[in-house]
>>> print(open('input_35.cif').read())   # mmCIF, C-alpha atoms
data_work
loop_
_atom_site.group_PDB
_atom_site.id
_atom_site.type_symbol
_atom_site.label_atom_id
_atom_site.label_comp_id
_atom_site.auth_asym_id
_atom_site.auth_seq_id
_atom_site.Cartn_x
_atom_site.Cartn_y
_atom_site.Cartn_z
ATOM 1 C CA MET A 140 0.000 0.000 0.000
ATOM 2 C CA VAL A 141 1.344 3.415 -1.002
ATOM 3 C CA ALA A 142 -0.379 6.423 0.558
ATOM 4 C CA ALA A 143 0.650 9.043 -1.993
ATOM 5 C CA LEU A 144 -2.121 11.310 -0.670
ATOM 6 C CA TRP A 145 -2.882 12.380 2.882
ATOM 7 C CA ASP A 146 -4.789 9.488 4.485
ATOM 8 C CA ASP A 147 -6.422 11.345 7.356
ATOM 9 C CA ARG A 148 -8.509 8.340 8.458
ATOM 10 C CA LEU A 149 -5.646 5.833 8.113
ATOM 11 C CA HIS A 150 -7.810 3.530 5.983
ATOM 12 C CA GLY A 151 -4.809 2.484 3.887
ATOM 13 C CA LEU A 152 -2.673 1.709 6.920
ATOM 14 C CA ARG A 153 -5.434 -0.312 8.562
ATOM 15 C CA PHE A 154 -5.994 -2.228 5.322
ATOM 16 C CA ALA A 155 -2.279 -3.011 5.109
ATOM 17 C CA GLN A 156 -2.075 -4.113 8.744
ATOM 18 C CA HIS A 157 -5.127 -6.361 8.483
ATOM 19 C CA ARG A 158 -3.618 -8.129 5.483
ATOM 20 C CA GLY A 159 0.031 -8.058 6.455
ATOM 21 C CA LEU A 160 0.976 -5.827 3.526
ATOM 22 C CA PRO A 161 3.887 -3.353 3.473
ATOM 23 C CA TYR A 162 2.776 0.269 3.785
ATOM 24 C CA LEU A 163 4.514 3.467 2.653
ATOM 25 C CA SER A 164 3.384 7.028 3.309
ATOM 26 C CA ILE A 165 4.828 10.311 2.051
ATOM 27 C CA SER A 166 2.318 12.957 3.176
ATOM 28 C CA SER A 167 2.438 12.811 6.962
ATOM 29 C CA GLY A 168 5.557 14.917 7.401
ATOM 30 C CA LEU A 169 7.012 15.439 10.851
ATOM 31 C CA VAL A 170 3.923 17.057 12.317
ATOM 32 C CA ASP A 171 1.483 14.237 11.457
ATOM 33 C CA ILE A 172 3.404 11.004 12.011
ATOM 34 C CA ALA A 173 2.022 10.283 15.498
ATOM 35 C CA PRO A 174 -1.031 8.286 14.298
ATOM 36 C CA GLU A 175 1.125 6.121 12.018
ATOM 37 C CA VAL A 176 3.784 5.560 14.664
ATOM 38 C CA VAL A 177 1.246 4.686 17.357
ATOM 39 C CA ALA A 178 -0.689 2.392 15.002
ATOM 40 C CA GLY A 179 2.581 0.676 14.143
ATOM 41 C CA ALA A 180 3.518 0.293 17.802
ATOM 42 C CA GLN A 181 0.122 -1.109 18.777
ATOM 43 C CA ARG A 182 0.345 -3.782 16.087
ATOM 44 C CA ALA A 183 4.090 -4.104 15.853
ATOM 45 C CA ASN A 184 4.016 -7.520 14.161
ATOM 46 C CA ALA A 185 1.307 -6.748 11.618
ATOM 47 C CA ALA A 186 3.195 -5.141 8.720
ATOM 48 C CA PRO A 187 6.297 -3.107 7.803
ATOM 49 C CA ILE A 188 5.513 0.615 7.753
ATOM 50 C CA LEU A 189 7.823 2.981 5.888
ATOM 51 C CA VAL A 190 7.316 6.534 7.128
ATOM 52 C CA ALA A 191 8.737 8.547 4.215
ATOM 53 C CA GLY A 192 7.220 11.969 4.763
ATOM 54 C CA HIS A 193 10.693 13.440 4.235
ATOM 55 C CA TYR A 194 11.530 15.915 1.504
ATOM 56 C CA CYS A 195 11.197 14.043 -1.797
ATOM 57 C CA ALA A 196 10.223 10.854 0.046
ATOM 58 C CA GLY A 197 13.688 10.477 1.576
ATOM 59 C CA ALA A 198 15.759 11.135 -1.547
ATOM 60 C CA VAL A 199 17.503 14.155 0.003
ATOM 61 C CA VAL A 200 18.345 12.327 3.235
ATOM 62 C CA LEU A 201 19.920 9.496 1.261
ATOM 63 C CA ALA A 202 21.879 11.918 -0.927
ATOM 64 C CA ALA A 203 23.194 13.715 2.172
ATOM 65 C CA LEU A 204 24.236 10.443 3.785
ATOM 66 C CA HIS A 205 26.022 9.481 0.582
ATOM 67 C CA SER A 206 27.949 12.764 0.721
ATOM 68 C CA ALA A 207 28.813 12.071 4.358
ATOM 69 C CA ARG A 208 30.589 8.789 3.607
ATOM 70 C CA GLN A 209 34.048 10.437 3.522
ATOM 71 C CA PHE A 210 33.662 11.816 7.073
ATOM 72 C CA ASP A 211 34.781 10.048 10.217
ATOM 73 C CA ARG A 212 32.783 12.548 12.267
ATOM 74 C CA ILE A 213 29.934 14.873 11.328
ATOM 75 C CA ASP A 214 29.648 18.069 13.357
ATOM 76 C CA ALA A 215 27.039 19.994 11.376
ATOM 77 C CA ILE A 216 24.576 19.416 8.549
ATOM 78 C CA ARG A 217 22.615 22.114 6.791
ATOM 79 C CA ILE A 218 20.181 21.389 3.999
ATOM 80 C CA SER A 219 18.892 24.349 1.972
ATOM 81 C CA ALA A 220 16.090 23.588 -0.473
ATOM 82 C CA VAL A 221 14.387 25.694 -3.119
ATOM 83 C CA LEU A 222 10.946 24.593 -4.274
ATOM 84 C CA ASP A 223 9.828 26.369 -7.407
ATOM 85 C CA GLU A 224 6.355 27.825 -6.955
ATOM 86 C CA LEU A 225 5.326 26.152 -10.228
ATOM 87 C CA ASP A 226 6.586 22.763 -9.030
ATOM 88 C CA THR A 227 4.586 22.235 -5.859
ATOM 89 C CA GLY A 228 2.578 19.376 -7.351
ATOM 90 C CA GLY A 229 -1.169 19.100 -7.739
ATOM 91 C CA PRO A 230 -3.939 19.961 -5.267
ATOM 92 C CA ALA A 231 -2.827 17.227 -2.850
ATOM 93 C CA GLY A 232 0.722 18.574 -2.704
ATOM 94 C CA ILE A 233 -0.509 22.108 -2.117
ATOM 95 C CA ALA A 234 -2.871 20.843 0.588
ATOM 96 C CA ASP A 235 0.057 19.122 2.327
ATOM 97 C CA LEU A 236 2.051 22.369 2.428
ATOM 98 C CA GLN A 237 -0.949 24.248 3.808
ATOM 99 C CA ARG A 238 -1.631 21.589 6.441
ATOM 100 C CA TRP A 239 1.956 21.527 7.650
ATOM 101 C CA SER A 240 2.108 25.324 7.871
ATOM 102 C CA THR A 241 -1.135 25.324 9.855
ATOM 103 C CA ALA A 242 0.184 22.720 12.306
ATOM 104 C CA THR A 243 3.249 24.796 13.149
ATOM 105 C CA SER A 244 5.118 27.811 11.879
ATOM 106 C CA ALA A 245 8.156 26.803 13.941
ATOM 107 C CA GLY A 246 11.149 24.982 12.553
ATOM 108 C CA LEU A 247 12.840 22.015 14.162
ATOM 109 C CA VAL A 248 16.639 22.035 14.412
ATOM 110 C CA ARG A 249 19.204 20.098 16.342
ATOM 111 C CA ARG A 250 21.479 22.469 18.208
ATOM 112 C CA ASP A 251 24.340 21.289 20.424
ATOM 113 C CA GLY A 252 22.766 17.840 20.411
ATOM 114 C CA VAL A 253 19.308 19.058 21.478
ATOM 115 C CA PHE A 254 16.241 19.023 19.229
ATOM 116 C CA THR A 255 14.888 22.549 19.470
ATOM 117 C CA TRP A 256 11.932 24.458 18.044
ATOM 118 C CA VAL A 257 12.882 27.810 16.513
ATOM 119 C CA THR A 258 10.618 30.715 15.613
ATOM 120 C CA GLY A 259 10.858 34.315 14.500
ATOM 121 C CA PRO A 260 14.316 35.554 13.492
ATOM 122 C CA HIS A 261 15.905 32.287 14.629
ATOM 123 C CA ALA A 262 13.883 30.400 12.019
ATOM 124 C CA GLN A 263 14.617 32.800 9.162
ATOM 125 C CA ALA A 264 17.397 32.095 6.670
ATOM 126 C CA ASP A 265 18.499 32.998 3.175
ATOM 127 C CA VAL A 266 18.490 30.055 0.788
ATOM 128 C CA ARG A 267 21.019 30.391 -2.020
ATOM 129 C CA ARG A 268 20.131 29.130 -5.470
ATOM 130 C CA THR A 269 22.666 27.488 -7.764
ATOM 131 C CA ASP A 270 23.056 30.764 -9.690
ATOM 132 C CA GLY A 271 24.309 32.527 -6.547
ATOM 133 C CA THR A 272 21.157 34.518 -5.798
ATOM 134 C CA ASP A 273 19.222 34.225 -2.532
ATOM 135 C CA LEU A 274 15.617 33.586 -1.658
ATOM 136 C CA PRO A 275 14.158 34.362 1.774
ATOM 137 C CA GLY A 276 13.480 31.085 3.543
ATOM 138 C CA ARG A 277 13.066 29.578 6.952
ATOM 139 C CA SER A 278 13.770 26.503 9.004
ATOM 140 C CA ILE A 279 10.928 23.979 8.750
ATOM 141 C CA ALA A 280 9.755 21.020 10.809
ATOM 142 C CA VAL A 281 10.718 18.142 8.532
ATOM 143 C CA LEU A 282 11.680 14.526 9.188
ATOM 144 C CA ASP A 283 14.991 15.023 7.394
ATOM 145 C CA VAL A 284 16.312 16.810 10.483
ATOM 146 C CA THR A 285 15.660 13.896 12.830
ATOM 147 C CA SER A 286 16.741 11.232 10.328
ATOM 148 C CA LEU A 287 20.058 12.930 9.534
ATOM 149 C CA ALA A 288 20.788 13.858 13.141
ATOM 150 C CA LEU A 289 20.222 10.364 14.476
ATOM 151 C CA ALA A 290 21.875 8.587 11.536
ATOM 152 C CA THR A 291 25.096 10.627 11.788
ATOM 153 C CA ASP A 292 25.015 11.749 15.436
ATOM 154 C CA ALA A 293 25.679 15.282 14.200
ATOM 155 C CA PRO A 294 24.979 17.707 17.061
ATOM 156 C CA ASP A 295 23.883 20.509 14.717
ATOM 157 C CA VAL A 296 21.350 19.889 11.938
ATOM 158 C CA ARG A 297 19.078 22.326 10.140
ATOM 159 C CA PHE A 298 16.806 22.229 7.087
ATOM 160 C CA ASP A 299 15.979 25.581 5.476
ATOM 161 C CA PHE A 300 13.294 25.879 2.828
ATOM 162 C CA ALA A 301 12.256 28.564 0.368
ATOM 163 C CA VAL A 302 9.502 28.711 -2.238
ATOM 164 C CA GLY A 303 10.159 30.876 -5.275
ATOM 165 C CA GLU A 304 11.575 30.989 -8.758
ATOM 166 C CA SER A 305 14.207 28.288 -9.243
ATOM 167 C CA ALA A 306 17.502 28.893 -11.015
ATOM 168 C CA GLY A 307 16.279 26.848 -13.965
ATOM 169 C CA ARG A 308 13.224 29.010 -14.514
ATOM 170 C CA ARG A 309 15.322 32.157 -14.060
ATOM 171 C CA ARG A 310 17.289 30.964 -17.089
ATOM 172 C CA GLY A 311 14.108 30.544 -19.102
ATOM 173 C CA GLU A 312 14.078 26.762 -18.640
ATOM 174 C CA PRO A 313 11.595 24.516 -16.809
ATOM 175 C CA ALA A 314 11.374 24.724 -13.030
ATOM 176 C CA SER A 315 14.413 22.987 -11.548
ATOM 177 C CA PHE A 316 15.051 21.111 -8.333
ATOM 178 C CA GLU A 317 17.958 22.367 -6.231
ATOM 179 C CA VAL A 318 19.055 21.426 -2.747
ATOM 180 C CA ARG A 319 22.309 22.513 -1.156
ATOM 181 C CA ILE A 320 23.947 20.031 1.225
ATOM 182 C CA ASP A 321 26.540 21.492 3.621
ATOM 183 C CA LEU A 322 28.493 19.104 5.836
ATOM 184 C CA GLU A 323 31.174 19.937 8.381
ATOM 185 C CA GLY A 324 33.238 17.540 10.416
ATOM 186 C CA ALA A 325 36.453 15.564 10.413
ATOM 187 C CA GLY A 326 38.002 13.075 8.052
ATOM 188 C CA PRO A 327 40.573 10.339 8.654
ATOM 189 C CA GLY A 328 43.075 11.390 11.275
ATOM 190 C CA GLY A 329 40.803 14.109 12.594
ATOM 191 C CA ALA A 330 41.539 16.650 9.859
ATOM 192 C CA PRO A 331 38.663 19.145 9.569
ATOM 193 C CA ILE A 332 36.782 19.008 6.273
ATOM 194 C CA ARG A 333 33.775 20.713 4.778
ATOM 195 C CA ARG A 334 31.642 19.424 1.935
ATOM 196 C CA SER A 335 29.219 21.718 0.100
ATOM 197 C CA ARG A 336 27.339 20.466 -2.930
ATOM 198 C CA TYR A 337 24.104 21.038 -4.762
ATOM 199 C CA LEU A 338 21.854 18.182 -5.754
ATOM 200 C CA VAL A 339 20.103 19.323 -8.919
ATOM 201 C CA HIS A 340 17.423 17.964 -11.219
ATOM 202 C CA PRO A 341 16.503 20.013 -14.310
ATOM 203 C CA ALA A 342 12.976 18.566 -14.330
ATOM 204 C CA GLY A 343 12.086 19.645 -10.791
ATOM 205 C CA GLN A 344 11.098 17.782 -7.655
ATOM 206 C CA ARG A 345 8.650 15.306 -9.201
ATOM 207 C CA PRO A 346 11.197 12.797 -10.556
ATOM 208 C CA MET A 347 13.082 13.069 -7.260
ATOM 209 C CA THR A 348 9.988 12.288 -5.210
ATOM 210 C CA ALA A 349 8.956 9.528 -7.601
ATOM 211 C CA THR A 350 12.382 7.918 -7.262
ATOM 212 C CA GLY A 351 12.190 8.126 -3.474
ATOM 213 C CA ILE A 352 8.844 6.321 -3.559
ATOM 214 C CA ALA A 353 10.056 3.706 -6.057
ATOM 215 C CA LEU A 354 13.119 2.934 -3.948
ATOM 216 C CA GLY A 355 10.934 2.423 -0.894
ATOM 217 C CA VAL A 356 8.460 0.192 -2.733
ATOM 218 C CA GLU A 357 11.276 -1.876 -4.262
ATOM 219 C CA ARG A 358 12.732 -2.462 -0.817
ATOM 220 C CA LEU A 359 9.420 -3.212 0.890
ATOM 221 C CA LEU A 360 8.518 -5.777 -1.767
ATOM 222 C CA GLY A 361 11.802 -7.586 -1.254
ATOM 223 C CA LEU A 362 13.034 -6.858 -4.777
ATOM 224 C CA ARG A 363 16.335 -5.649 -3.331
ATOM 225 C CA GLY A 364 17.710 -6.803 -0.020
ATOM 226 C CA GLU A 365 16.307 -9.098 2.598
ATOM 227 C CA ALA A 366 12.662 -9.132 3.628
ATOM 228 C CA VAL A 367 11.645 -6.091 5.667
ATOM 229 C CA ALA A 368 10.498 -6.958 9.172
ATOM 230 C CA PRO A 369 7.205 -5.636 10.550
ATOM 231 C CA GLY A 370 7.495 -2.368 12.435
ATOM 232 C CA VAL A 371 8.062 1.323 11.735
ATOM 233 C CA HIS A 372 10.937 2.217 9.398
ATOM 234 C CA THR A 373 12.391 5.347 7.784
ATOM 235 C CA PRO A 374 14.177 5.566 4.404
ATOM 236 C CA GLU A 375 17.716 5.657 5.798
ATOM 237 C CA THR A 376 17.118 2.484 7.839
ATOM 238 C CA LEU A 377 16.180 0.455 4.757
ATOM 239 C CA LEU A 378 17.962 1.971 1.756
ATOM 240 C CA ASP A 379 21.600 2.128 0.723
ATOM 241 C CA PRO A 380 22.559 5.776 0.027
ATOM 242 C CA ALA A 381 25.034 4.856 -2.729
ATOM 243 C CA TYR A 382 22.413 2.804 -4.553
ATOM 244 C CA ALA A 383 19.849 5.585 -4.132
ATOM 245 C CA VAL A 384 22.216 8.155 -5.665
ATOM 246 C CA GLU A 385 22.839 5.825 -8.620
ATOM 247 C CA ARG A 386 19.128 5.549 -9.259
ATOM 248 C CA LEU A 387 18.629 9.309 -8.880
ATOM 249 C CA ALA A 388 21.377 9.885 -11.444
ATOM 250 C CA GLU A 389 19.551 7.598 -13.880
ATOM 251 C CA THR A 390 16.590 9.984 -13.755
ATOM 252 C CA GLY A 391 18.789 13.002 -14.580
ATOM 253 C CA ALA A 392 19.810 14.228 -11.128
ATOM 254 C CA TYR A 393 23.409 15.295 -10.537
ATOM 255 C CA PHE A 394 25.722 16.965 -8.016
ATOM 256 C CA ILE A 395 27.626 20.191 -8.578
ATOM 257 C CA GLY A 396 30.093 21.912 -6.274
ATOM 258 C CA ALA A 397 29.006 24.855 -4.133
ATOM 259 C CA PRO A 398 31.058 27.740 -2.744
ATOM 260 C CA GLY A 399 32.805 26.631 0.432
ATOM 261 C CA ASP A 400 33.505 23.080 -0.734
ATOM 262 C CA SER A 401 36.900 21.763 0.321
#
>>> encode(input="input_35.cif", output="structure tokens")
Amino acid sequence: MVAALWDDRLHGLRFAQHRGLPYLSISSGLVDIAPEVVAGAQRANAAPILVAGHYCAGAVVLAALHSARQFDRIDAIRISAVLDELDTGGPAGIADLQRWSTATSAGLVRRDGVFTWVTGPHAQADVRRTDGTDLPGRSIAVLDVTSLALATDAPDVRFDFAVGESAGRRRGEPASFEVRIDLEGAGPGGAPIRRSRYLVHPAGQRPMTATGIALGVERLLGLRGEAVAPGVHTPETLLDPAYAVERLAETGAYFIGAPGDS
């Protein structure tokens, strides 16, 4: 079962649990996962549940973890995403954005090892496009923060988000997907390193999200890897980042260097 739309009554999840079917959701986001998590805990042996309400269904988390492979220690992660206003998806996608903004206007960050809600000026941030220009953005409450923080043990993690004209559309091309991934930490021997790259797709966020969903479905169906045990899972617990990046590249996604890369 794939809940590509917001399943506010959890009919799909209940159907999957009653029949022992794998279940994947992408619309709950951080602010709405409690019903899915509790339902999964109450019937822990019923079915595998993949909570993939991350940005692009976990594709960005996996790309960031792939970039982190050269680090022995991660001290800070910052993700900066631009969503083109013409690439928000259909009515369901727009409804998701509205629902999340209604639930909270605060952003969730990890600061000095503590998950913290930020508001006002502390939540505001400039998000730089690939062409070097900035859009006003803000920290958001997104599952990518918790997944990256707990997967890497980075004490400082933040996800900033801006909606506006993408660099692709500024060039007169279709709306593009662009996410900047900034990593700071130490490499072998403790030498400090910084990695700053953009993950780009010239066709926008839709092929990225579709790939994130396809990777999750492939894994849940046992088409790659061992059978997934019943319980609640997230993309980074089931999927290999290197494999995910290979599949993203097949759709046309690619990395480019960003200022500050070392």
>>> resolve_selection(input="input_35.cif", expression="the PyMOL selection byres ((chain A and resi 358) around 12)", output="JSON, numbers by chain")
{"A": [161, 162, 163, 187, 188, 189, 351, 352, 353, 354, 355, 356, 357, 359, 360, 361, 362, 363, 364, 365, 366, 367, 368, 372, 373, 374, 375, 376, 377, 378, 379, 382, 383]}
>>> atom_distance(input="input_35.cif", atom1="CA of Ala155 in chain A", atom2="CA of Met140 in chain A")
6.4 Å
>>> residues_around(input="input_35.cif", residues="range 235-241 of chain A", least_positions_apart="2", cutoff="9 Å", atoms="only C-alpha atoms", output="list in words")
Leu144, Trp145, Ser166, Ser167, Gly168, Leu169, Val170, Asp171, Thr227, Pro230, Ala231, Gly232, Ile233, Thr243, Ser244, Ala245, Ile279 and Ala280 of chain A
>>> write_last_selection(input="input_35.cif", atoms="C-alpha atoms", output="PDB file, in the frame of the given file")
ATOM      1  CA  LEU A 144      -2.121  11.310  -0.670  1.00  0.00           C
ATOM      2  CA  TRP A 145      -2.882  12.380   2.882  1.00  0.00           C
ATOM      3  CA  SER A 166       2.318  12.957   3.176  1.00  0.00           C
ATOM      4  CA  SER A 167       2.438  12.811   6.962  1.00  0.00           C
ATOM      5  CA  GLY A 168       5.557  14.917   7.401  1.00  0.00           C
ATOM      6  CA  LEU A 169       7.012  15.439  10.851  1.00  0.00           C
ATOM      7  CA  VAL A 170       3.923  17.057  12.317  1.00  0.00           C
ATOM      8  CA  ASP A 171       1.483  14.237  11.457  1.00  0.00           C
ATOM      9  CA  THR A 227       4.586  22.235  -5.859  1.00  0.00           C
ATOM     10  CA  PRO A 230      -3.939  19.961  -5.267  1.00  0.00           C
ATOM     11  CA  ALA A 231      -2.827  17.227  -2.850  1.00  0.00           C
ATOM     12  CA  GLY A 232       0.722  18.574  -2.704  1.00  0.00           C
ATOM     13  CA  ILE A 233      -0.509  22.108  -2.117  1.00  0.00           C
ATOM     14  CA  THR A 243       3.249  24.796  13.149  1.00  0.00           C
ATOM     15  CA  SER A 244       5.118  27.811  11.879  1.00  0.00           C
ATOM     16  CA  ALA A 245       8.156  26.803  13.941  1.00  0.00           C
ATOM     17  CA  ILE A 279      10.928  23.979   8.750  1.00  0.00           C
ATOM     18  CA  ALA A 280       9.755  21.020  10.809  1.00  0.00           C
TER      19      ALA A 280
END
>>> resolve_selection(input="input_35.cif", expression="the PyMOL selection byres ((chain A and resi 278) around 7)", output="ChimeraX atom specification")
/A:246-247,262-263,277,279,297-300
>>> atom_distance(input="input_35.cif", atom1="CA of Val190 in chain A", atom2="CA of Met347 in chain A")
16.8 Å
>>> atom_distance(input="input_35.cif", atom1="CA of Gly229 in chain A", atom2="CA of Arg153 in chain A")
25.7 Å
>>> resolve_selection(input="input_35.cif", expression="the PyMOL selection byres ((chain A and resi 215) around 12)", output="compact mmCIF listing (two decimals) with C-alpha atoms, keeping the file's coordinate frame")
# COMPACT_ATOMS: atom_id res chain seq x y z
CA ALA A 203 23.19 13.72 2.17
CA ALA A 207 28.81 12.07 4.36
CA PHE A 210 33.66 11.82 7.07
CA ARG A 212 32.78 12.55 12.27
CA ILE A 213 29.93 14.87 11.33
CA ASP A 214 29.65 18.07 13.36
CA ILE A 216 24.58 19.42 8.55
CA ARG A 217 22.62 22.11 6.79
CA ILE A 218 20.18 21.39 4.00
CA VAL A 248 16.64 22.04 14.41
CA ARG A 249 19.20 20.10 16.34
CA ARG A 250 21.48 22.47 18.21
CA ASP A 251 24.34 21.29 20.42
CA GLY A 252 22.77 17.84 20.41
CA VAL A 284 16.31 16.81 10.48
CA LEU A 287 20.06 12.93 9.53
CA ALA A 288 20.79 13.86 13.14
CA THR A 291 25.10 10.63 11.79
CA ASP A 292 25.02 11.75 15.44
CA ALA A 293 25.68 15.28 14.20
CA PRO A 294 24.98 17.71 17.06
CA ASP A 295 23.88 20.51 14.72
CA VAL A 296 21.35 19.89 11.94
CA ARG A 297 19.08 22.33 10.14
CA PHE A 298 16.81 22.23 7.09
CA ILE A 320 23.95 20.03 1.23
CA ASP A 321 26.54 21.49 3.62
CA LEU A 322 28.49 19.10 5.84
CA GLU A 323 31.17 19.94 8.38
CA GLY A 324 33.24 17.54 10.42
CA ALA A 325 36.45 15.56 10.41
CA PRO A 331 38.66 19.14 9.57
CA ILE A 332 36.78 19.01 6.27
CA ARG A 333 33.78 20.71 4.78
CA ARG A 334 31.64 19.42 1.94
CA SER A 335 29.22 21.72 0.10
>>> closest_residue(input="input_35.cif", among="A:Leu201, A:Val253, A:Ala306, A:Leu282", to="Val266 in chain A", atoms="all atoms listed in the file")
A:Ala306
>>> residues_near_point(input="input_35.cif", point="(18.8, 10.8, -13.1)", cutoff="12 Å", atoms="all atoms listed in the file", output="PyMOL selection string")
chain A and resi 198+316+338-351+383-394
>>> closest_residue(input="input_35.cif", among="A:Arg268, A:Val281, A:Phe154, A:Glu304", to="Pro398 in chain A", atoms="only C-alpha atoms")
A:Arg268
>>> closest_residue(input="input_35.cif", among="A:Gly259, A:Gly396, A:Pro275, A:Gly307", to="Asp223 in chain A", atoms="only C-alpha atoms")
A:Gly307
>>> closest_residue(input="input_35.cif", among="A:Ala381, A:Pro369, A:Ala314, A:Thr258", to="Asn184 in chain A", atoms="all atoms listed in the file")
A:Pro369
>>> axis_aligned_box(input="input_35.cif", around="range 143-161 of chain A", padding_each_side="3 Å", output="AutoDock Vina command-line options")
--center_x -2.3 --center_y 2.1 --center_z 3.4 --size_x 18.4 --size_y 26.5 --size_z 16.7
>>> build_atoms(input="input_35.cif", residues="range 210-216 of chain A", atoms="all heavy atoms", output="PDB file, keeping the file's coordinate frame")
ATOM      1  N   PHE A 210      33.413  11.246   5.746  1.00  0.00           N
ATOM      2  CA  PHE A 210      33.662  11.816   7.073  1.00  0.00           C
ATOM      3  C   PHE A 210      33.816  10.699   8.107  1.00  0.00           C
ATOM      4  O   PHE A 210      33.089   9.706   8.081  1.00  0.00           O
ATOM      5  CB  PHE A 210      32.500  12.717   7.503  1.00  0.00           C
ATOM      6  CG  PHE A 210      32.408  14.020   6.759  1.00  0.00           C
ATOM      7  CD1 PHE A 210      31.931  14.080   5.461  1.00  0.00           C
ATOM      8  CD2 PHE A 210      32.779  15.200   7.386  1.00  0.00           C
ATOM      9  CE1 PHE A 210      31.827  15.284   4.781  1.00  0.00           C
ATOM     10  CE2 PHE A 210      32.684  16.420   6.720  1.00  0.00           C
ATOM     11  CZ  PHE A 210      32.203  16.452   5.411  1.00  0.00           C
ATOM     12  N   ASP A 211      34.727  10.898   9.027  1.00  0.00           N
ATOM     13  CA  ASP A 211      34.781  10.048  10.217  1.00  0.00           C
ATOM     14  C   ASP A 211      33.876  10.597  11.317  1.00  0.00           C
ATOM     15  O   ASP A 211      33.425   9.848  12.182  1.00  0.00           O
ATOM     16  CB  ASP A 211      36.216   9.958  10.742  1.00  0.00           C
ATOM     17  CG  ASP A 211      37.056   8.965   9.957  1.00  0.00           C
ATOM     18  OD1 ASP A 211      36.523   8.349   9.007  1.00  0.00           O
ATOM     19  OD2 ASP A 211      38.245   8.816  10.283  1.00  0.00           O
ATOM     20  N   ARG A 212      33.655  11.908  11.280  1.00  0.00           N
ATOM     21  CA  ARG A 212      32.783  12.548  12.267  1.00  0.00           C
ATOM     22  C   ARG A 212      32.037  13.689  11.587  1.00  0.00           C
ATOM     23  O   ARG A 212      32.637  14.469  10.845  1.00  0.00           O
ATOM     24  CB  ARG A 212      33.603  13.089  13.440  1.00  0.00           C
ATOM     25  CG  ARG A 212      32.752  13.628  14.603  1.00  0.00           C
ATOM     26  CD  ARG A 212      33.591  14.347  15.646  1.00  0.00           C
ATOM     27  NE  ARG A 212      34.055  15.663  15.197  1.00  0.00           N
ATOM     28  CZ  ARG A 212      35.330  15.993  15.037  1.00  0.00           C
ATOM     29  NH1 ARG A 212      36.292  15.118  15.281  1.00  0.00           N
ATOM     30  NH2 ARG A 212      35.665  17.212  14.626  1.00  0.00           N
ATOM     31  N   ILE A 213      30.750  13.775  11.853  1.00  0.00           N
ATOM     32  CA  ILE A 213      29.934  14.873  11.328  1.00  0.00           C
ATOM     33  C   ILE A 213      29.588  15.808  12.475  1.00  0.00           C
ATOM     34  O   ILE A 213      29.006  15.394  13.482  1.00  0.00           O
ATOM     35  CB  ILE A 213      28.637  14.354  10.678  1.00  0.00           C
ATOM     36  CG1 ILE A 213      28.934  13.367   9.554  1.00  0.00           C
ATOM     37  CG2 ILE A 213      27.805  15.525  10.158  1.00  0.00           C
ATOM     38  CD1 ILE A 213      29.529  13.973   8.323  1.00  0.00           C
ATOM     39  N   ASP A 214      29.952  17.076  12.324  1.00  0.00           N
ATOM     40  CA  ASP A 214      29.648  18.069  13.357  1.00  0.00           C
ATOM     41  C   ASP A 214      28.399  18.882  13.028  1.00  0.00           C
ATOM     42  O   ASP A 214      27.683  19.309  13.937  1.00  0.00           O
ATOM     43  CB  ASP A 214      30.827  19.026  13.532  1.00  0.00           C
ATOM     44  CG  ASP A 214      32.074  18.320  14.038  1.00  0.00           C
ATOM     45  OD1 ASP A 214      31.931  17.353  14.822  1.00  0.00           O
ATOM     46  OD2 ASP A 214      33.186  18.715  13.640  1.00  0.00           O
ATOM     47  N   ALA A 215      28.171  19.143  11.753  1.00  0.00           N
ATOM     48  CA  ALA A 215      27.039  19.994  11.376  1.00  0.00           C
ATOM     49  C   ALA A 215      26.546  19.613   9.989  1.00  0.00           C
ATOM     50  O   ALA A 215      27.331  19.291   9.099  1.00  0.00           O
ATOM     51  CB  ALA A 215      27.438  21.467  11.414  1.00  0.00           C
ATOM     52  N   ILE A 216      25.231  19.652   9.839  1.00  0.00           N
ATOM     53  CA  ILE A 216      24.576  19.416   8.549  1.00  0.00           C
ATOM     54  C   ILE A 216      23.575  20.534   8.335  1.00  0.00           C
ATOM     55  O   ILE A 216      22.754  20.839   9.216  1.00  0.00           O
ATOM     56  CB  ILE A 216      23.833  18.066   8.506  1.00  0.00           C
ATOM     57  CG1 ILE A 216      24.787  16.908   8.792  1.00  0.00           C
ATOM     58  CG2 ILE A 216      23.135  17.877   7.160  1.00  0.00           C
ATOM     59  CD1 ILE A 216      24.089  15.568   8.911  1.00  0.00           C
TER      60      ILE A 216
END
